[in-house]
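Undergrad: Input structure: data_30.cif, which contains mmCIF, C-alpha atoms.
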data_model
#
loop_
_atom_site.label_atom_id
_atom_site.label_comp_id
_atom_site.auth_asym_id
_atom_site.auth_seq_id
_atom_site.Cartn_x
_atom_site.Cartn_y
_atom_site.Cartn_z
CA MET A 1 113.09 78.05 100.99
CA LEU A 2 110.47 80.60 99.95
CA SER A 3 109.14 83.35 102.15
CA SER A 4 105.91 84.86 100.88
CA TYR A 5 104.45 88.31 101.38
CA ASN A 6 100.79 88.77 100.65
CA TYR A 7 99.63 92.20 99.43
CA PRO A 8 95.86 91.91 99.04
CA ALA A 9 95.58 95.65 98.26
CA PHE A 10 97.55 94.98 95.06
CA ASN A 11 96.12 91.51 94.45
CA SER A 12 99.71 90.31 94.57
CA LEU A 13 101.85 87.74 96.28
CA ALA A 14 105.61 88.13 96.45
CA HIS A 15 107.90 85.15 96.95
CA VAL A 16 111.38 85.76 98.30
CA ALA A 17 114.37 83.45 98.68
CA LEU A 18 117.87 84.09 99.94
CA PHE A 19 120.97 82.24 98.69
CA ASP A 20 124.50 82.09 100.02
CA ASN A 21 127.61 80.73 98.25
CA VAL A 22 126.13 81.31 94.81
CA THR A 23 128.55 80.00 92.17
CA ASN A 24 126.75 80.65 88.91
CA ALA A 25 126.15 84.41 89.10
CA LYS A 26 127.96 84.90 85.80
CA GLU A 27 125.76 82.40 83.96
CA LEU A 28 122.65 83.84 85.59
CA ARG A 29 123.51 87.28 84.33
CA SER A 30 124.16 86.16 80.78
CA ARG A 31 120.97 84.05 80.85
CA LEU A 32 119.02 87.14 81.89
CA ILE A 33 120.48 89.13 79.04
CA SER A 34 119.97 86.48 76.38
CA ALA A 35 116.44 85.62 77.58
CA ALA A 36 115.36 89.16 76.82
CA THR A 37 116.21 88.83 73.12
CA MET A 38 115.17 85.20 72.46
CA SER A 39 112.14 84.77 70.25
CA GLY A 40 109.52 82.07 69.83
CA PRO A 41 108.24 79.59 72.43
CA ASP A 42 111.80 78.88 73.64
CA GLY A 43 112.13 82.56 74.50
CA GLU A 44 108.88 82.50 76.46
CA LEU A 45 110.07 79.49 78.45
CA GLU A 46 113.48 80.97 79.13
CA ARG A 47 111.99 84.31 80.20
CA GLU A 48 109.64 82.49 82.56
CA ALA A 49 112.60 80.58 84.03
CA VAL A 50 114.43 83.80 84.91
CA ASN A 51 111.36 85.90 85.67
CA PHE A 52 112.71 87.11 89.01
CA ALA A 53 114.30 90.15 90.55
CA PHE A 54 117.86 89.03 91.30
CA VAL A 55 119.14 91.40 93.97
CA ASP A 56 122.66 91.52 95.38
CA ALA A 57 121.88 90.51 98.97
CA SER A 58 124.90 92.33 100.39
CA LEU A 59 123.20 95.63 99.50
CA VAL A 60 119.91 94.96 101.25
CA VAL A 61 120.16 95.85 104.94
CA SER A 62 116.90 94.40 106.23
CA GLU A 63 113.71 92.68 105.27
CA MET A 64 111.97 96.04 105.67
CA HIS A 65 114.42 97.56 103.18
CA LEU A 66 113.33 94.98 100.60
CA GLN A 67 109.65 95.33 101.46
CA THR A 68 109.85 99.10 101.04
CA ALA A 69 111.32 98.70 97.56
CA LEU A 70 108.80 95.97 96.78
CA LEU A 71 105.88 98.17 97.82
CA PHE A 72 107.23 100.99 95.68
CA ALA A 73 107.32 98.66 92.67
CA LEU A 74 103.85 97.24 93.36
CA LEU A 75 102.39 100.73 93.68
CA ALA A 76 104.03 101.89 90.45
CA ASP A 77 102.75 98.75 88.71
CA ALA A 78 99.21 99.24 90.04
CA ARG A 79 99.20 102.81 88.74
CA THR A 80 100.77 101.69 85.45
CA SER A 81 103.53 104.18 86.10
CA LEU A 82 106.49 101.81 86.06
CA ARG A 83 109.71 103.63 85.20
CA THR A 84 111.39 100.43 84.09
CA LYS A 85 110.09 97.55 81.97
CA THR A 86 108.94 95.13 84.64
CA VAL A 87 107.91 95.13 88.26
CA HIS A 88 111.09 93.15 88.99
CA SER A 89 113.46 95.70 87.50
CA GLU A 90 111.44 98.38 89.29
CA ILE A 91 112.54 96.82 92.60
CA LEU A 92 116.19 97.27 91.61
CA TRP A 93 115.48 100.81 90.49
CA ALA A 94 113.73 101.59 93.79
CA LEU A 95 116.77 100.39 95.73
CA ASN A 96 119.14 102.73 93.91
CA PRO A 97 119.01 106.33 95.17
CA THR A 98 119.57 107.87 91.72
CA ASN A 99 117.29 107.81 88.68
CA ASN A 100 119.70 105.98 86.40
CA ILE A 101 118.19 102.61 85.44
CA SER A 102 121.30 100.91 84.06
CA GLU A 103 123.27 102.06 87.09
CA ALA A 104 120.60 100.59 89.36
CA ILE A 105 120.77 97.23 87.61
CA ARG A 106 124.56 97.24 87.55
CA ARG A 107 124.80 98.07 91.25
CA PHE A 108 121.90 96.20 92.83
CA GLY A 109 121.32 93.43 90.29
CA VAL A 110 123.31 90.23 89.89
CA SER A 111 126.89 90.79 88.77
CA ASP A 112 129.62 88.31 87.84
CA SER A 113 131.09 88.49 91.32
CA THR A 114 127.83 88.14 93.28
CA THR A 115 127.86 85.30 95.82
CA ARG A 116 124.87 86.26 97.94
CA LEU A 117 121.62 86.56 96.12
CA LEU A 118 118.17 87.70 97.12
CA VAL A 119 115.56 86.50 94.66
CA VAL A 120 112.09 88.02 94.40
CA ARG A 121 109.15 86.90 92.32
CA VAL A 122 105.99 88.99 92.20
CA CYS A 123 102.81 87.11 91.28
CA THR A 124 99.83 89.17 90.19
CA PRO A 125 97.26 87.67 90.75
CA PRO A 126 98.61 85.49 93.59
CA THR A 127 97.61 82.26 91.86
CA SER A 128 99.37 83.02 88.57
CA THR A 129 102.27 80.70 89.43
CA SER A 130 102.40 78.05 92.10
CA PRO A 131 105.13 78.26 94.77
CA GLU A 132 106.22 74.74 93.75
CA ASN A 133 106.96 75.90 90.21
CA ILE A 134 108.93 78.82 91.56
CA GLU A 135 110.94 76.61 93.88
CA THR A 136 111.74 74.26 91.01
CA ALA A 137 112.82 77.14 88.81
CA LEU A 138 115.08 78.43 91.56
CA ARG A 139 116.54 75.01 92.36
CA THR A 140 117.55 74.45 88.77
CA GLY A 141 118.48 78.06 88.10
CA VAL A 142 120.52 79.14 91.12
CA ALA A 143 123.56 77.15 92.21
CA GLY A 144 123.86 78.04 95.88
CA ASP A 145 122.65 77.29 99.39
CA ALA A 146 119.17 78.49 100.33
CA VAL A 147 119.35 80.18 103.73
CA PRO A 148 116.65 81.75 105.91
CA LEU A 149 115.85 85.43 105.30
CA SER A 150 117.01 86.23 108.82
CA CYS A 151 120.61 85.86 107.55
CA LEU A 152 120.13 89.00 105.43
CA SER A 153 121.45 91.48 107.97
CA SER A 154 124.73 89.54 108.39
CA PHE A 155 125.44 89.77 104.63
CA THR A 156 125.52 93.58 104.48
CA ASP A 157 128.44 95.22 102.65
CA TRP A 158 128.59 98.58 104.42
CA SER A 159 131.45 100.04 102.37
CA LYS A 160 129.50 99.67 99.13
CA LEU A 161 126.31 100.95 100.72
CA THR A 162 128.15 103.97 102.13
CA LYS A 163 129.27 104.81 98.62
CA TYR A 164 125.93 104.26 96.92
CA TYR A 165 123.72 105.91 99.52
CA LYS A 166 126.33 108.58 100.45
CA LEU A 167 126.02 107.62 104.09
CA PRO A 168 127.56 109.81 106.81
CA ALA A 169 130.66 108.49 108.58
CA GLY A 170 130.91 107.58 112.26
CA VAL A 171 127.22 106.77 112.64
CA PRO A 172 125.98 103.51 114.20
CA HIS A 173 124.56 100.89 111.82
CA GLU A 174 121.16 101.16 113.44
CA ARG A 175 120.90 104.75 112.24
CA LEU A 176 122.36 103.95 108.82
CA ILE A 177 119.64 101.33 108.34
CA GLN A 178 117.05 104.02 109.04
CA ILE A 179 118.63 106.34 106.47
CA VAL A 180 118.83 103.60 103.83
CA GLU A 181 115.22 102.51 104.38
CA SER A 182 114.00 106.11 104.30
CA THR A 183 115.87 106.85 101.09
CA VAL A 184 114.00 104.00 99.39
CA GLY A 185 110.71 104.96 101.07
CA ALA A 186 110.95 108.56 99.90
CA LYS A 187 112.19 107.62 96.42
CA SER A 188 109.10 108.92 94.64
CA ALA A 189 109.63 112.34 96.23
CA ALA A 190 113.38 112.48 95.64
CA MET B 1 93.41 110.33 92.45
CA THR B 2 92.80 106.71 93.17
CA THR B 3 93.63 105.35 96.55
CA VAL B 4 94.96 101.84 96.20
CA PHE B 5 94.89 101.12 99.91
CA LYS B 6 91.64 100.66 101.73
CA LEU B 7 91.97 103.09 104.58
CA ASP B 8 88.29 103.11 105.54
CA ASP B 9 88.58 100.02 107.71
CA ALA B 10 92.02 100.91 109.09
CA ASP B 11 92.48 102.28 112.59
CA ILE B 12 92.14 106.04 112.39
CA ILE B 13 94.32 107.71 114.98
CA SER B 14 93.70 111.36 114.52
CA GLN B 15 92.13 113.82 112.18
CA GLY B 16 93.22 117.35 111.51
CA ALA B 17 92.29 120.01 108.99
CA GLU B 18 94.95 118.89 106.52
CA ALA B 19 95.14 115.15 106.94
CA LYS B 20 94.02 111.99 108.67
CA VAL B 21 96.42 109.64 110.40
CA TYR B 22 95.97 105.87 110.34
CA HIS B 23 97.68 102.86 111.87
CA VAL B 24 97.85 100.31 109.06
CA GLN B 25 99.22 96.82 108.46
CA LEU B 26 100.82 97.80 105.17
CA HIS B 27 103.29 94.96 104.89
CA PRO B 28 102.11 91.48 105.80
CA SER B 29 102.61 90.59 109.44
CA PRO B 30 105.03 90.05 111.23
CA SER B 31 106.26 93.32 109.71
CA PRO B 32 105.27 96.09 112.10
CA ARG B 33 102.23 98.23 111.34
CA ILE B 34 102.86 101.60 109.78
CA CYS B 35 101.63 105.11 110.35
CA ILE B 36 99.93 106.59 107.30
CA LYS B 37 99.18 110.25 106.91
CA HIS B 38 96.57 110.80 104.24
CA ARG B 39 96.20 114.29 102.88
CA PHE B 40 92.58 113.97 101.83
CA GLN B 41 91.00 115.99 99.09
CA LYS B 42 89.82 119.42 100.18
CA THR B 43 86.46 120.09 98.61
CA TYR B 44 86.72 123.80 99.35
CA ARG B 45 89.65 124.17 96.96
CA HIS B 46 89.78 123.93 93.21
CA PRO B 47 90.72 120.30 92.44
CA THR B 48 93.76 121.23 90.35
CA LEU B 49 95.11 123.58 92.97
CA ASP B 50 94.35 121.07 95.71
CA ALA B 51 96.21 118.26 93.95
CA GLN B 52 99.18 120.54 93.34
CA LEU B 53 99.35 121.74 96.96
CA SER B 54 98.98 118.27 98.48
CA ARG B 55 101.64 116.94 96.18
CA SER B 56 104.22 119.60 96.89
CA ARG B 57 103.61 119.52 100.65
CA LEU B 58 103.92 115.76 100.75
CA GLN B 59 107.10 115.94 98.72
CA ALA B 60 108.55 118.59 101.00
CA GLU B 61 107.64 116.69 104.15
CA SER B 62 109.20 113.40 103.04
CA ARG B 63 112.40 115.14 101.91
CA VAL B 64 112.77 116.93 105.22
CA LEU B 65 112.34 113.62 107.09
CA VAL B 66 115.19 112.01 105.15
CA ARG B 67 117.35 115.11 105.70
CA CYS B 68 116.62 114.93 109.43
CA LEU B 69 117.69 111.30 109.63
CA ARG B 70 120.92 112.10 107.79
CA ALA B 71 121.54 114.94 110.25
CA GLY B 72 121.06 112.57 113.19
CA VAL B 73 117.74 114.00 114.35
CA ASN B 74 115.29 111.40 115.70
CA VAL B 75 112.33 111.28 113.33
CA PRO B 76 110.19 108.40 112.04
CA VAL B 77 111.61 106.36 109.14
CA VAL B 78 109.87 106.94 105.79
CA ARG B 79 108.22 103.78 104.44
CA LEU B 80 106.10 105.00 101.57
CA VAL B 81 105.44 108.14 99.58
CA ASP B 82 102.50 108.07 97.21
CA LEU B 83 102.25 111.49 95.60
CA ASP B 84 99.17 110.63 93.52
CA GLY B 85 97.28 109.15 96.46
CA GLY B 86 98.41 111.82 98.95
CA LEU B 87 99.90 109.23 101.30
CA LEU B 88 102.94 109.42 103.52
CA GLY B 89 103.80 106.18 105.29
CA THR B 90 106.23 106.30 108.18
CA GLU B 91 107.43 104.09 110.96
CA TRP B 92 104.95 103.77 113.82
CA ILE B 93 106.50 105.28 116.95
CA ASP B 94 105.52 103.22 119.96
CA GLY B 95 105.27 105.66 122.85
CA MET B 96 103.40 108.69 124.08
CA SER B 97 103.29 112.35 123.10
CA VAL B 98 105.11 114.75 125.41
CA ARG B 99 101.88 116.70 125.73
CA ARG B 100 100.18 113.69 127.26
CA ILE B 101 103.16 112.80 129.42
CA LEU B 102 103.07 116.28 130.92
CA GLY B 103 99.40 115.82 131.69
CA GLY B 104 97.99 117.98 128.88
CA GLY B 105 95.83 115.25 127.38
CA ASP B 106 95.90 114.50 123.68
CA GLU B 107 94.70 117.00 121.15
CA GLY B 108 92.59 115.81 118.23
CA VAL B 109 93.35 112.17 118.92
CA LEU B 110 90.35 109.92 118.54
CA GLU B 111 89.89 107.74 121.58
CA ASP B 112 90.71 104.08 121.26
CA ASP B 113 88.34 101.55 122.75
CA ASP B 114 91.12 99.72 124.52
CA ASP B 115 92.46 102.97 125.93
CA ASP B 116 91.46 103.09 129.55
CA ASP B 117 92.84 106.51 130.40
CA VAL B 118 90.57 108.85 132.28
CA ALA B 119 90.26 112.60 131.83
CA GLU B 120 92.51 113.31 134.76
CA GLU B 121 96.01 112.23 133.75
CA ASP B 122 98.84 112.08 136.13
CA ALA B 123 102.10 113.49 134.80
CA ASP B 124 104.25 111.88 137.45
CA GLU B 125 102.82 108.49 136.69
CA HIS B 126 103.62 108.85 132.99
CA LEU B 127 107.13 110.05 133.70
CA GLN B 128 107.64 107.09 135.95
CA LYS B 129 106.46 104.72 133.24
CA PHE B 130 109.08 106.10 130.86
CA ALA B 131 111.66 106.24 133.65
CA VAL B 132 112.63 109.87 133.01
CA THR B 133 112.51 112.95 135.17
CA LYS B 134 110.86 116.14 133.95
CA ASP B 135 114.27 117.73 133.76
CA GLU B 136 115.65 114.92 131.57
CA LEU B 137 112.62 115.17 129.32
CA MET B 138 113.17 118.92 128.84
CA ARG B 139 116.83 118.27 128.02
CA LEU B 140 115.85 115.66 125.43
CA ILE B 141 113.56 118.21 123.79
CA GLY B 142 116.24 120.90 123.74
CA HIS B 143 118.74 118.40 122.38
CA GLU B 144 116.61 117.28 119.40
CA ILE B 145 115.64 120.85 118.46
CA GLY B 146 119.28 121.88 118.71
CA LYS B 147 120.34 119.13 116.28
CA LEU B 148 117.46 120.07 113.99
CA HIS B 149 118.46 123.74 113.86
CA LEU B 150 122.14 122.94 113.46
CA ALA B 151 121.12 121.13 110.27
CA ASP B 152 119.27 124.31 109.21
CA ILE B 153 115.89 122.62 109.35
CA ILE B 154 112.96 124.55 110.83
CA HIS B 155 110.09 122.42 112.13
CA GLY B 156 107.48 125.16 111.76
CA ASP B 157 105.01 123.68 114.25
CA LEU B 158 106.88 122.83 117.42
CA THR B 159 104.38 121.83 120.07
CA THR B 160 104.48 119.19 122.76
CA SER B 161 101.95 117.17 120.70
CA ASN B 162 104.52 116.84 117.95
CA MET B 163 107.08 115.16 120.15
CA MET B 164 106.92 111.52 121.11
CA LEU B 165 108.81 109.74 123.82
CA ARG B 166 109.56 106.26 122.57
CA THR B 167 108.75 103.33 124.81
CA ARG B 168 112.07 102.19 126.21
CA MET B 169 113.52 98.83 125.36
CA ALA B 170 115.24 97.33 128.40
CA ASP B 171 118.31 99.47 129.14
CA ALA B 172 118.20 101.65 126.02
CA PRO B 173 118.45 105.39 126.68
CA ALA B 174 115.26 107.44 126.51
CA GLN B 175 114.59 108.63 122.98
CA LEU B 176 112.58 111.65 121.95
CA VAL B 177 111.21 111.62 118.40
CA LEU B 178 110.00 114.71 116.55
CA ILE B 179 106.96 114.12 114.34
CA ASP B 180 104.72 115.99 111.89
CA PHE B 181 107.03 117.88 109.55
CA GLY B 182 104.13 119.13 107.46
CA LEU B 183 105.17 122.76 107.93
CA ALA B 184 108.93 122.19 107.99
CA PHE B 185 111.39 123.94 105.71
CA ASN B 186 115.11 124.59 105.30
CA SER B 187 116.50 127.89 106.48
CA THR B 188 119.76 129.27 107.77
CA LEU B 189 118.12 132.42 109.11
CA VAL B 190 118.43 133.19 112.81
CA GLU B 191 114.95 134.70 112.62
CA ASP B 192 113.34 131.38 111.60
CA LYS B 193 115.09 129.48 114.37
CA ALA B 194 114.07 132.07 116.96
CA VAL B 195 110.45 131.97 115.81
CA ASP B 196 110.53 128.15 115.95
CA LEU B 197 111.62 128.36 119.58
CA TYR B 198 109.09 131.07 120.33
CA VAL B 199 106.23 128.95 118.97
CA LEU B 200 107.23 126.14 121.32
CA GLU B 201 107.53 128.56 124.22
CA ARG B 202 103.96 129.72 123.64
CA ALA B 203 102.76 126.15 123.26
CA PHE B 204 104.34 125.30 126.60
CA ALA B 205 102.78 128.31 128.28
CA SER B 206 99.29 127.58 126.98
CA THR B 207 99.07 123.80 127.40
CA HIS B 208 101.22 123.26 130.48
CA PRO B 209 100.79 126.35 132.67
CA ASP B 210 102.71 124.92 135.61
CA SER B 211 105.68 123.71 133.59
CA GLU B 212 106.58 127.12 132.19
CA PRO B 213 109.85 127.40 134.14
CA LEU B 214 110.87 124.05 132.67
CA TYR B 215 111.16 125.71 129.30
CA ALA B 216 114.34 127.33 130.59
CA THR B 217 115.84 123.84 130.78
CA VAL B 218 114.88 123.20 127.15
CA LEU B 219 116.69 126.38 126.11
CA ASP B 220 119.67 125.55 128.28
CA GLU B 221 120.23 122.22 126.53
CA TYR B 222 119.47 123.82 123.14
CA ALA B 223 122.18 126.41 123.84
CA ARG B 224 124.64 123.67 124.76
CA VAL B 225 124.03 121.86 121.43
CA LEU B 226 124.26 125.03 119.35
CA GLY B 227 127.48 126.22 120.99
CA LYS B 228 128.61 129.56 119.66
CA ALA B 229 125.67 129.69 117.24
CA TRP B 230 123.40 130.23 120.27
CA ASP B 231 124.15 133.90 120.94
CA PRO B 232 122.53 135.37 117.82
CA VAL B 233 119.50 133.09 118.25
CA LYS B 234 119.17 134.16 121.89
CA ARG B 235 119.24 137.84 121.00
CA ARG B 236 116.69 137.33 118.24
CA LEU B 237 114.46 135.26 120.52
CA ASP B 238 114.31 138.23 122.91
CA ASP B 239 113.21 140.43 120.00
CA VAL B 240 110.58 137.93 118.90
CA ARG B 241 109.19 137.73 122.43
CA LEU B 242 108.57 141.48 122.34
CA ARG B 243 106.89 141.63 118.95
CA GLY B 244 105.35 138.17 118.50
CA ARG B 245 105.71 135.61 115.76
CA LYS B 246 104.95 137.90 112.83
CA ARG B 247 107.46 140.45 111.77
CA SER B 248 106.06 143.92 111.19
CA MET B 249 106.06 144.73 107.51
CA VAL B 250 105.78 148.47 108.14
CA GLY B 251 108.69 150.59 107.03
#
Please rewrite the model in this file as structure tokens.
TA:
Amino acid sequence: MLSSYNYPAFNSLAHVALFDNVTNAKELRSRLISAATMSGPDGELEREAVNFAFVDASLVVSEMHLQTALLFALLADARTSLRTKTVHSEILWALNPTNNISEAIRRFGVSDSTTRLLVVRVCTPPTSTSPENIETALRTGVAGDAVPLSCLSSFTDWSKLTKYYKLPAGVPHERLIQIVESTVGAKSAA
Amino acid sequence: MTTVFKLDDADIISQGAEAKVYHVQLHPSPSPRICIKHRFQKTYRHPTLDAQLSRSRLQAESRVLVRCLRAGVNVPVVRLVDLDGGLLGTEWIDGMSVRRILGGGDEGVLEDDDDDDVAEEDADEHLQKFAVTKDELMRLIGHEIGKLHLADIIHGDLTTSNMMLRTRMADAPAQLVLIDFGLAFNSTLVEDKAVDLYVLERAFASTHPDSEPLYATVLDEYARVLGKAWDPVKRRLDDVRLRGRKRSMVG
């Protein structure tokens, strides 16, 4: 279920999982919101249970697209120059071409209507959480079918992406993927 | 500033006065390796000025690359911009520079151990490997520059070293990729476009003496892409040829 990317330069390990037919997006979203304000040990537990970047998979065109955003977030974290509160929200912010944080989360994060979900967990250092714990958290947290990451490109919602990334019309997808990936890659110079 | 990535043990590809270029496994394999251009610190400049210059040049270069892609010009995809570390990460273009294809050797490229090329390179052999004729190659060059100038982007350093012919996948058409936009800028001026063409013309004449007439083919395809915008550029190019790249500031 989990794919893992090792980034030794950042002393980090990122775990990624892709879900199709997700039915509890609405609950996930409200859990995320309430976890942020809960206090005490219950709050800690709940925050740990939803300590992921939940990305709308229909807006990620390729594995490289995700990795580019991930690297951006890792680099910002390593330089302690995160623009958002966590490395996970930084991934969402990196994916959105504008600088508006709430817009980034609204567009690229989990929404009530999300059915395809890309879940990312960054572990710094790599041993901070075991993959088994992460899998368990995902199994109990996300109601959906885990599918291989290679399905990602078939999930793409080009009409939404065209709007968000202001993509030119009448251009083959291959080229659009390049534009989308570059927009994320050049985010810190935008 | 701090460099997070350890570039010392990465494969260094080339070194210029401004930057070093590396071939790095940035994302864990099987993700393809990436080309990293590191604008190293210049000890001959004041540190504050140096940081400021590197930063703004890096910023400009990455923006131009994205603009090029949006305009349909073949350039490498941007993977990473690290303004504090002076790093620009782009897609690695698998192929060969036009300079080398035309038998001009490679300038400033550090030899690879597994590279078995000898000093005497055979242009025809290279062309055969990429399954293009010289004429087609010239048209590809004219075509990319035409698209670039139509988008009002000036490359600023057009040479045959800054053009790569991508290794062809099966039946895919030959693809020419422009690289190194370190001196690029936006301009609508006919003058800038003419000078851009003139710089390439001189580069052709000096590195590939026998292929000089081929430059006419480049211009022919360029003219076709530009359409009615070609006439003013043509007239200005004739002026530039007479006076050289720099405009006289007298009078």
Undergrad: Could you give me, as JSON, numbers by chain, the residues within 10 Å of Leu75 (chain A), counting all atoms listed in the file and dropping anything in the same chain fewer than 2 positions from it?
TA: {"A": [9, 10, 69, 70, 71, 72, 73, 77, 78, 79, 80, 81, 82, 87], "B": [4, 5, 80, 81, 82]}
Undergrad: Dig up all the protein and nucleic acid residues within 10 Å of (91.8, 108.5, 110.0) in the file frame, using all atoms listed in the file, and format them as an NGL selection string.
TA: :B and (7-16 or 19-23 or 36-38 or 40 or 109-110)
Undergrad: How would you write, as an NGL selection string, the residues chosen by the PyMOL selection byres ((chain B) within 8 of (chain A)) on this structure?
TA: :B and (4-6 or 27-28 or 31 or 59-60 or 62-63 or 66 or 69-70 or 72 or 77-83)
Undergrad: Mind pulling up the distance from CA of Arg139 (chain B) to CA of Val218 (chain B)?
TA: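 One can read the CA of Val218 (chain B) to CA of Arg139 (chain B) distance as 5.4 Å.
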Undergrad: List the spatial neighbours of Glu103 (chain A) as a ChimeraX atom specification - criterion: any atom at most 10 Å away, all atoms listed in the file, same-chain residues fewer than 6 positions off excluded.
TA: /A:92-93,96,109
Undergrad: Could you work out how far CA of Lys26 (chain A) lies from CA of Ile134 (chain A), giving the answer in Å with one decimal?
TA: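 According to the coordinates, CA of Ile134 (chain A) and CA of Lys26 (chain A) are separated by 20.8 Å.
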Undergrad: So how far away is CA of Thr188 (chain B) from CA of Ala174 (chain B), in Å?
TA: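 Distance reported for this atom pair: 29.1 Å.
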Undergrad: Considering all atoms listed in the file, can you say which of A:Ala169, A:Cys123, A:Ala53, A:Val142 comes closest to Leu66 (chain A)?
TA: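 Ranking A:Ala169, A:Cys123, A:Ala53, A:Val142 by distance to Leu66 (chain A), first place goes to A:Ala53.
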Undergrad: Counting all atoms listed in the file, which residue out of A:Ser39, A:Thr124, A:Ala49, A:Ser153 sits closest to Arg139 (chain A)?
TA: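 The shortest atom-to-atom distance to Arg139 (chain A) comes from A:Ala49.
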Undergrad: Please determine the residues with any atom at most 10 Å from (131.0, 98.9, 108.2) (coordinates as given in the file, with only C-alpha atoms counting) and report them as a VMD selection string.
TA: chain A and resid 156 to 162 169 to 173
Undergrad: Please write as a PyMOL selection string the full residue list that the PyMOL selection byres ((chain A and resi 54) around 6) yields on this file.
TA: chain A and resi 52-53+55+109-110+118-119
Undergrad: Residue by residue, what does the PyMOL selection byres ((chain A and resi 101) around 9) grab here? Present the result as number ranges by chain.
TA: A: 83-84, 89-90, 92-93, 96, 98-100, 102-106
Undergrad: May I ask which of the residues B:Ile93, B:Ala203, B:Leu214, B:Ala184 is the closest one to Val75 (chain B), counting only C-alpha atoms?
TA: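 Of all the options, B:Ile93 lies closest to Val75 (chain B).
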Undergrad: Write out as a ChimeraX atom specification the residues lying within 12 Å of Glu212 (chain B), counting only C-alpha atoms and excluding same-chain residues fewer than 2 positions away.
TA: /B:102,134,138,200-210,214-219
Undergrad: Might you pull out every residue within 10 Å of Ser3 (chain A), with only C-alpha atoms counted and same-chain residues fewer than 3 positions away left off, and present them as JSON, numbers by chain?
TA: {"A": [14, 15, 16, 17, 18, 120, 131, 148, 149]}
Undergrad: Compare B:Ala170, B:Ala123, B:Leu158, B:Leu140 by their minimum atom-to-atom distance to Arg100 (chain B), counting only C-alpha atoms, and give me the closest one.
TA: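 For Arg100 (chain B), the nearest of the given residues is B:Ala123.
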